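Engineer: Have a look at the structure that comes next, please.
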2 protein chains.
Amino acid sequence: MWEWDCPPHPPSSSSSSHPSSPKLPCNWFVKIVSGYDAWCGVAHGCTRKLGMKICGFLQKNNSLEERSRIVSSFKERAAKNLLSCDNSGGEARFSRTETDFSNLFARDLLPAKNGEEQTMQFLLEVVEILTNYVRKTFDRSTKVLDFHHPHQLLEGMEGFNLELSDQPESLEQILVDCRDTLKYGVRTGHPRFFNQLSTGLDIVGLAGEWLTSTANTNMFTYEIAPVFVLMEQLTLKKMREIVGWPVGEGDGIFSPGGAISNMYSVMIARYKFFPEVKTKGMAAAPRLILFTSEHYLTDERLFLQSHYSIKKASAALGFGTENLILLRTDERGRVIPADLEAKVIEAKQKGYVPMFVNATAGTTVYGAFDPINEIADICEKYNMWLHVDGAWGGGLLMSRKHRHKLNGVERANSVTWNPHKMMGVPLQCSAILVRERGLLQGCNSMSAGYLFQPDKQYDVTYDTGDKAIQCGRHVDIFKFWLMWKAKGTVGFEQHIDKCLDLSAYLYNKIKNREGYQMVFDGEPQHTNVCFWYFPPSLRGLPDGEERRERLHKVAPKIKALMMESGTTMVGYQPQGDKVNFFRMVISNHAATRSDIDFLIEEIERLGNDL
Amino acid sequence: MWEWDCPPHPPSSSSSSHPSSPKLPCNWFVKIVSGYDAWCGVAHGCTRKLGMKICGFLQKNNSLEERSRIVSSFKERAAKNLLSCDNSGGEARFSRTETDFSNLFARDLLPAKNGEEQTMQFLLEVVEILTNYVRKTFDRSTKVLDFHHPHQLLEGMEGFNLELSDQPESLEQILVDCRDTLKYGVRTGHPRFFNQLSTGLDIVGLAGEWLTSTANTNMFTYEIAPVFVLMEQLTLKKMREIVGWPVGEGDGIFSPGGAISNMYSVMIARYKFFPEVKTKGMAAAPRLILFTSEHYLTDERLFLQSHYSIKKASAALGFGTENLILLRTDERGRVIPADLEAKVIEAKQKGYVPMFVNATAGTTVYGAFDPINEIADICEKYNMWLHVDGAWGGGLLMSRKHRHKLNGVERANSVTWNPHKMMGVPLQCSAILVRERGLLQGCNSMSAGYLFQPDKQYDVTYDTGDKAIQCGRHVDIFKFWLMWKAKGTVGFEQHIDKCLDLSAYLYNKIKNREGYQMVFDGEPQHTNVCFWYFPPSLRGLPDGEERRERLHKVAPKIKALMMESGTTMVGYQPQGDKVNFFRMVISNHAATRSDIDFLIEEIERLGNDL
């Protein structure tokens with residue numbers, strides 16, 4: 001499993017050569033030294049030279065006598081060193097006595113001559129900071145955030161200065177900046193962070209992102225990203241199989257997020273029905289009408305209500321937001337199919353062309369799943385494109401228990417599915433899947449000669465550049481592929497089922513609890529649990545404007561107190577005529593029932609006296 | 001500098017507790033053990049328990065007698081262990097005797113109970129793989145790539161199986177997958193990788209990306225990304241200052257790449273002149289005309305000729321590609337302003353509305369800079385939006401020596417500038433800068449109520465969601481901010497100047513060299529050096545069709561041989577009536593004159609007998 005570029009033991013003469021020499025006979029000595037130093041010697045707070053000895057004596061010497069000599073020498077030095085460790089025992093800060101990053105700069109790192117040791121030291125220091133952060137993320141005794149106002153951070157917190165300057169800063173300052181950046185940020189992987197649809201910190205996914213950054217390439221061609229391009233192709237095929245398209249037929253691409261994926265769906269639909277728009281513009285088409293749920297226009301950011309990705313697409317792509325028709329929903333937030341049909345007929349009567357319907361699988365606030373089959377019937381009847389926005393709910397397709405909520409998804413013409421939401425994949429990871437092959441390329445290719453490239457020595461049909469609206473494209477696939485390998489399909493299923501179980505636990509806990517009222521009746525379809533909390537002072541009030549007004553202020557106030565105490569985070573928002581309520585969502589596999597209990601205790605602790 | 005969440009020494013009772021216990025009194029013991037183990041013990045190939053002892057005995061015991069006992073014990077164990085190390089001394093593969101990832105799975109990592117040690121071990125193993133890759137990336141004795149055809153990788157290379165399965169794989173397999181992914185990829189940071197505009201592997205940028213992945217948040221609101229949102233704001237302001245807008249006034253946002261940034265520019269221009277298109281669609285506007293260089297329609301992917309981002313935008317946004325007019329260029333690939341004016345007049349005579357001009361600062365093939373001031377004059381005269389696509393050339397603004405090539409950029413209405421190209425920032429990092437404040441938000445905001453949010457306890461004007469066409473948005477700023485801190489403005493300037501010096505070196509080396517011909521005369525404006533190589537067999541041929549046809553095949557053939565031998569990579573492509581030529585670009589700060597020499601030697605070695 002461990003491979004080396006060199007014989008397992010270096011020539012004994014290497015014991016006298018300096019570890020940072022660029023012409024070392026092999027890499028492993030540097031590896032050991034820098035590894036030991038950063039991870040072991042540093043942790044001791046003992047001197048680096050000693051650390052090097054401890055590690056080095058096991059490797060560098062071939063004769064048993066020499067080894068014995070060093071073991072003795074080590075014993076002496078260690079004993080001495082222990083005393084010096086004792087002396088600093090009362091300090092909370094650990095002093096690192098030899099690695100002096102204050103005199104090192106970015107220019108001293110690779111590719112600088114002799115830069116290898118410093119580079120490894122620096123990266124290990126960073127990893128030390130990051131692994132420490134990972135540890136704290138999962139530690140419930142730490143805060144979710146340490147809140148500061150923008151002006152406080154801008155003014156500079158204890159030496160954390162965001163301003164850029166002309167002159168370089170030392171690597172020591174860079175490491176401090178890294179620590180401070182994490183310190184004043186939000187631990188989105190903390191088991192008590194419930195604020196967004198994307199939460200959690202998957203370790204394998206994290207490793208995948210670290211590797212992706214290190215590989216630092218783009219998805220444009222097979223030539224420069226051979227492995228990633230193939231991984232994307234295989235993963236998209238697997239996702240299409242799970243959607244239910246025969247043998248995974250169709251096409252797709254990973255995009256920078258759900259909004260862009262949804263934009264793709266509208267573009268592709270337009271290309272399917274009115275391909276001449278590509279060359280002649282919207283003037284070549286009649287007035288085209290798009291449909292989506294009225295519940296769609298709420299969002300992740302909460303209260304600011306601007307998820308709006310279909311609306312943003314209608315503005316950007318030249319349809320106009322007035323030609324996006326909102327569909328009425330039932331009390332659970334699901335589109336009423338009869339309303340769609342009525343509005344389609346109405347549009348047609350006006351001479352417009354109904355073209356595109358977005359069925360949402362998992363709305364952002366209620367977690368509602370539109371009835372896809374009934375909507376698909378109407379789309380077939382009126383020859384409209386059916387897109388399923390499963391950015392949030394698509395993950396449920398991985399669960400045998402819950403995938404029925406997306407029944408009919410296989411009838412969609414396109415599907416948005418964001419593994420970075422419910423499946424816990426690190427940001428960004430969003431796929432647009434298209435049932436008909438060729439449309440994605442037809443829509444976005446700008447080169448007629450694409451299919452005729454005799455020059456390249458490999459099969460250029462694997463190149464993806466022509467399918468994308470982007471030119472360069474970030475590698476979003478690897479972390480997802482790696483997580484899938486590591487968890488298996490069954491692992492994602494367990495993740496989904498666990499999160500939905502937790503939300504059922506929350507729902508059952510509060511549905512009849514004093515001081516709580518559900519925003520809609522019945523068990524949630526997704527992990528979204530929407531509820532009002534009434535402080536005792538409001539409980540006696542008669543239903544009416546005063547109670548509404550006061551209730552409207554409760555969630556924002558509790559949320560502000562939560563952020564200030566840093567103990568947990570949960571979103572709130574109003575919806576239609578409903579005043580501010582909490583929207584709880586669970587996508588973090590670190591969350592447990594005790595965290596749900598904690599959230600409720602915290603709401604009551606902070607809200608009791610309002 | 002080193003901070004701990006706990007007293008420097010744990011209670012002595014902790015010496016008997018298992019290090020992976022979730023209720024450790026503090027973190028540092030685990031840190032030491034896992035750190036030691038992974039970096040030091042592992043490197044030894046000696047047993048993990050011993051590794052733990054060596055490190056642990058320095059920390060865990062407060063009494064001197066106890067320490068002495070352990071030092072003795074350690075001495076014995078170490079001596080024993082050395083013998084066992086000796087026995088395996090002849091093997092090239094290093095055996096790790098105790099950390100058995102073959103029995104560990106993703107489910108054993110955090111947040112699993114007792115998962116902390118395994119998590120740290122696993123992450124350290126990954127870091128070991130990555131740092132080894134980093135080392136090799138800068139080592140000229142390693143290959144740039146180990147080329148395989150798609151079918152070979154799909155069939156599975158020596159156990160590297162890309163297919164996803166239902167059941168989880170062991171962490172050992174996951175680590176093997178990580179190694180294989182890197183093994184079969186392309187080292188884009190290698191000093192001899194010249195294939196793309198984005199090359200290099202900046203260590204501080206890499207550290208920044210690792211941190212970004214670990215923080216795993218998105219840029220939507222200040223609430224969940226306070227530090228990153230402010231860093232973005234300050235950095236964009238600094239970039240606008242460098243563009244030359246007074247005190248950095250204006251607006252901007254980081255987007256997933258140059259194509260999306262350019263798409264923003266077209267959208268914003270349309271919103272400025274025809275704001276009603278947002279609500280009513282393109283039907284509300286007259287026929288709108290966009291202009292860009294004919295040299296614009298070539299690209300990064302080379303030969304496939306589809307950079308086309310303005311063309312893609314014209315298709316996507318509903319203008320139609322026929323309404324994008326291509327401008328003639330001089331022999332150096334620079335737009336001829338008179339041609340722009342003539343075409344503007346022609347469009348107006350037809351009753352169309354010329355709206356948008358893209359001036360390219362650094363074309364992808366020739367590296368040409370359009371004459372911005374002359375184009376700006378025409379834009380002012382005819383009331384058109386001037387966008388400068390500096391995706392590739394924007395970096396030259398950092399250089400006092402070279403920024404004159406963008407003279408007039410301060411007159412642009414918007415500027416695209418990709419730090420992930422010429423400035424060596426890891427992918428993805430692209431900014432769209434807008435001179436007039438308010439347009440970006442006006443164009444993309446879907447919520448009238450945006451400005452009135454009394455609920456939040458912080459100043460929501462820092463939230464960026466309403467400016468973006470995306471909803472969630474990846475944190476692209478941190479690595480760039482961190483690099484800027486680490487290098488200073490002067491460091492970027494040195495980087496730019498160095499790369500341009502190298503390209504001048506290449507130009508001077510080959511301009512009169514036998515067997516070479518430049519595609520255009522004169523010193524390149526950017527680092528792009530375009531040239532033909534004539535193998536000896538072609539040199540005697542008279543100019544004519546046969547020579548052209550044979551020359552057209554030379555670059556593809558040499559490139560294929562380069563990829564197969566893995567020694568270097570450089571792009572080629574045809575342009576207009578010019579047959580395939582090499583396009584050399586330099587953006588990697590690791591490249592030196594010797595690498596340029598190597599490239600030329602390699603072209604001659606591989607091409608000599610063609």
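Each chain of the structure tokens is named A, B, ... in the order shown, its residues numbered from 1; ligands are numbered from 1 in display order.
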Can you check which residues of region 484-561 of chain A DSSP gives as strand (DSSP E) on the backbone and send them as number ranges by chain?

Structural biologist: A: 516-518, 529-533

Engineer: With a distance cut-off of 10 Å and only C-alpha atoms, select the neighbouring residues of Leu317 (chain A), excluding the residue or stretch itself and same-chain residues fewer than 3 positions from it, and output the selection as a list in words.

Structural biologist: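 With the cut-off at 10 Å, the set is Met263, Val266, Met267, Arg270, Gly281, Met282, Lys311, Lys312, Ala313, Ser314, Gly320 and Thr321 of chain A; Met267, Val277, Lys278, Gly281, Met282, Ala313, Ser314, Ala315, Ala316, Leu317, Gly318 and Phe319 of chain B.
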
Engineer: For the residues in that selection, give me N, CA, C and O atoms as a short mmCIF file (atom, residue, chain, number, x, y, z; two decimals), in the first residue's frame.

Structural biologist:
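Once written, again-v4.cif looks like this:
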data_model
loop_
_atom_site.label_atom_id
_atom_site.label_comp_id
_atom_site.auth_asym_id
_atom_site.auth_seq_id
_atom_site.Cartn_x
_atom_site.Cartn_y
_atom_site.Cartn_z
N MET A 263 -31.40 26.57 -15.31
CA MET A 263 -31.26 27.41 -16.50
C MET A 263 -31.00 26.53 -17.74
O MET A 263 -31.57 26.75 -18.80
N VAL A 266 -34.27 25.05 -19.07
CA VAL A 266 -35.09 25.97 -19.86
C VAL A 266 -34.48 26.18 -21.25
O VAL A 266 -35.17 26.18 -22.27
N MET A 267 -33.16 26.31 -21.29
CA MET A 267 -32.49 26.48 -22.58
C MET A 267 -32.69 25.27 -23.50
O MET A 267 -32.91 25.40 -24.70
N ARG A 270 -36.21 25.06 -24.84
CA ARG A 270 -36.39 26.03 -25.92
C ARG A 270 -35.73 25.52 -27.20
O ARG A 270 -36.28 25.63 -28.30
N GLY A 281 -32.49 34.30 -32.19
CA GLY A 281 -32.94 34.98 -30.99
C GLY A 281 -34.41 34.74 -30.72
O GLY A 281 -35.12 34.08 -31.49
N MET A 282 -34.87 35.31 -29.63
CA MET A 282 -36.25 35.09 -29.20
C MET A 282 -37.27 35.64 -30.19
O MET A 282 -38.45 35.26 -30.16
N LYS A 311 -37.30 31.75 -12.16
CA LYS A 311 -37.58 33.15 -12.46
C LYS A 311 -36.33 33.86 -12.97
O LYS A 311 -36.38 34.64 -13.92
N LYS A 312 -35.21 33.57 -12.34
CA LYS A 312 -33.96 34.16 -12.81
C LYS A 312 -33.66 33.71 -14.24
O LYS A 312 -33.21 34.49 -15.07
N ALA A 313 -33.92 32.44 -14.51
CA ALA A 313 -33.69 31.94 -15.86
C ALA A 313 -34.62 32.63 -16.86
O ALA A 313 -34.20 32.99 -17.96
N SER A 314 -35.85 32.84 -16.47
CA SER A 314 -36.80 33.47 -17.41
C SER A 314 -36.37 34.90 -17.73
O SER A 314 -36.55 35.37 -18.86
N GLY A 320 -38.64 36.76 -20.10
CA GLY A 320 -39.32 37.78 -19.30
C GLY A 320 -40.05 37.14 -18.14
O GLY A 320 -40.74 36.13 -18.30
N THR A 321 -39.90 37.74 -16.97
CA THR A 321 -40.51 37.14 -15.78
C THR A 321 -42.03 37.13 -15.85
O THR A 321 -42.67 36.31 -15.20
N MET B 267 -25.87 40.46 -20.03
CA MET B 267 -27.14 40.64 -19.31
C MET B 267 -27.26 42.03 -18.70
O MET B 267 -28.31 42.67 -18.73
N VAL B 277 -36.79 44.24 -20.57
CA VAL B 277 -36.59 42.86 -21.04
C VAL B 277 -36.65 41.88 -19.87
O VAL B 277 -37.10 40.75 -20.01
N LYS B 278 -36.23 42.35 -18.72
CA LYS B 278 -36.26 41.48 -17.54
C LYS B 278 -37.67 40.93 -17.29
O LYS B 278 -37.84 39.75 -17.00
N GLY B 281 -39.32 40.14 -21.54
CA GLY B 281 -38.60 39.30 -22.48
C GLY B 281 -38.07 40.10 -23.65
O GLY B 281 -38.26 41.31 -23.76
N MET B 282 -37.36 39.41 -24.52
CA MET B 282 -36.70 40.07 -25.64
C MET B 282 -37.70 40.71 -26.61
O MET B 282 -37.32 41.57 -27.41
N ALA B 313 -23.26 33.21 -25.02
CA ALA B 313 -24.17 34.12 -24.32
C ALA B 313 -25.25 34.63 -25.26
O ALA B 313 -26.43 34.72 -24.90
N SER B 314 -24.85 34.94 -26.50
CA SER B 314 -25.86 35.48 -27.43
C SER B 314 -26.92 34.44 -27.74
O SER B 314 -28.10 34.78 -27.91
N ALA B 315 -26.53 33.17 -27.77
CA ALA B 315 -27.52 32.10 -27.97
C ALA B 315 -28.38 31.92 -26.72
O ALA B 315 -29.61 31.91 -26.79
N ALA B 316 -27.74 31.83 -25.59
CA ALA B 316 -28.47 31.53 -24.36
C ALA B 316 -29.43 32.65 -23.97
O ALA B 316 -30.56 32.40 -23.57
N LEU B 317 -28.98 33.87 -24.10
CA LEU B 317 -29.76 34.99 -23.57
C LEU B 317 -30.85 35.45 -24.52
O LEU B 317 -31.57 36.41 -24.22
N GLY B 318 -30.96 34.79 -25.65
CA GLY B 318 -32.08 35.09 -26.55
C GLY B 318 -31.80 36.16 -27.58
O GLY B 318 -32.73 36.66 -28.22
N PHE B 319 -30.52 36.54 -27.78
CA PHE B 319 -30.17 37.48 -28.85
C PHE B 319 -30.12 36.76 -30.19
O PHE B 319 -30.52 37.32 -31.22
#

Engineer: Nearest residue to chain A out of B:Leu427, B:Leu440, B:Ile289, B:Met562, using only C-alpha atoms?

Structural biologist: B:Leu427

Engineer: Neighbours of region 556-558 of chain B within 6 Å (only C-alpha atoms; same-chain residues fewer than 4 positions away dropped), as a list in words?

Structural biologist: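 Contacts, with the query itself left out: Asp455 of chain A; Leu606 and Gly607 of chain B.
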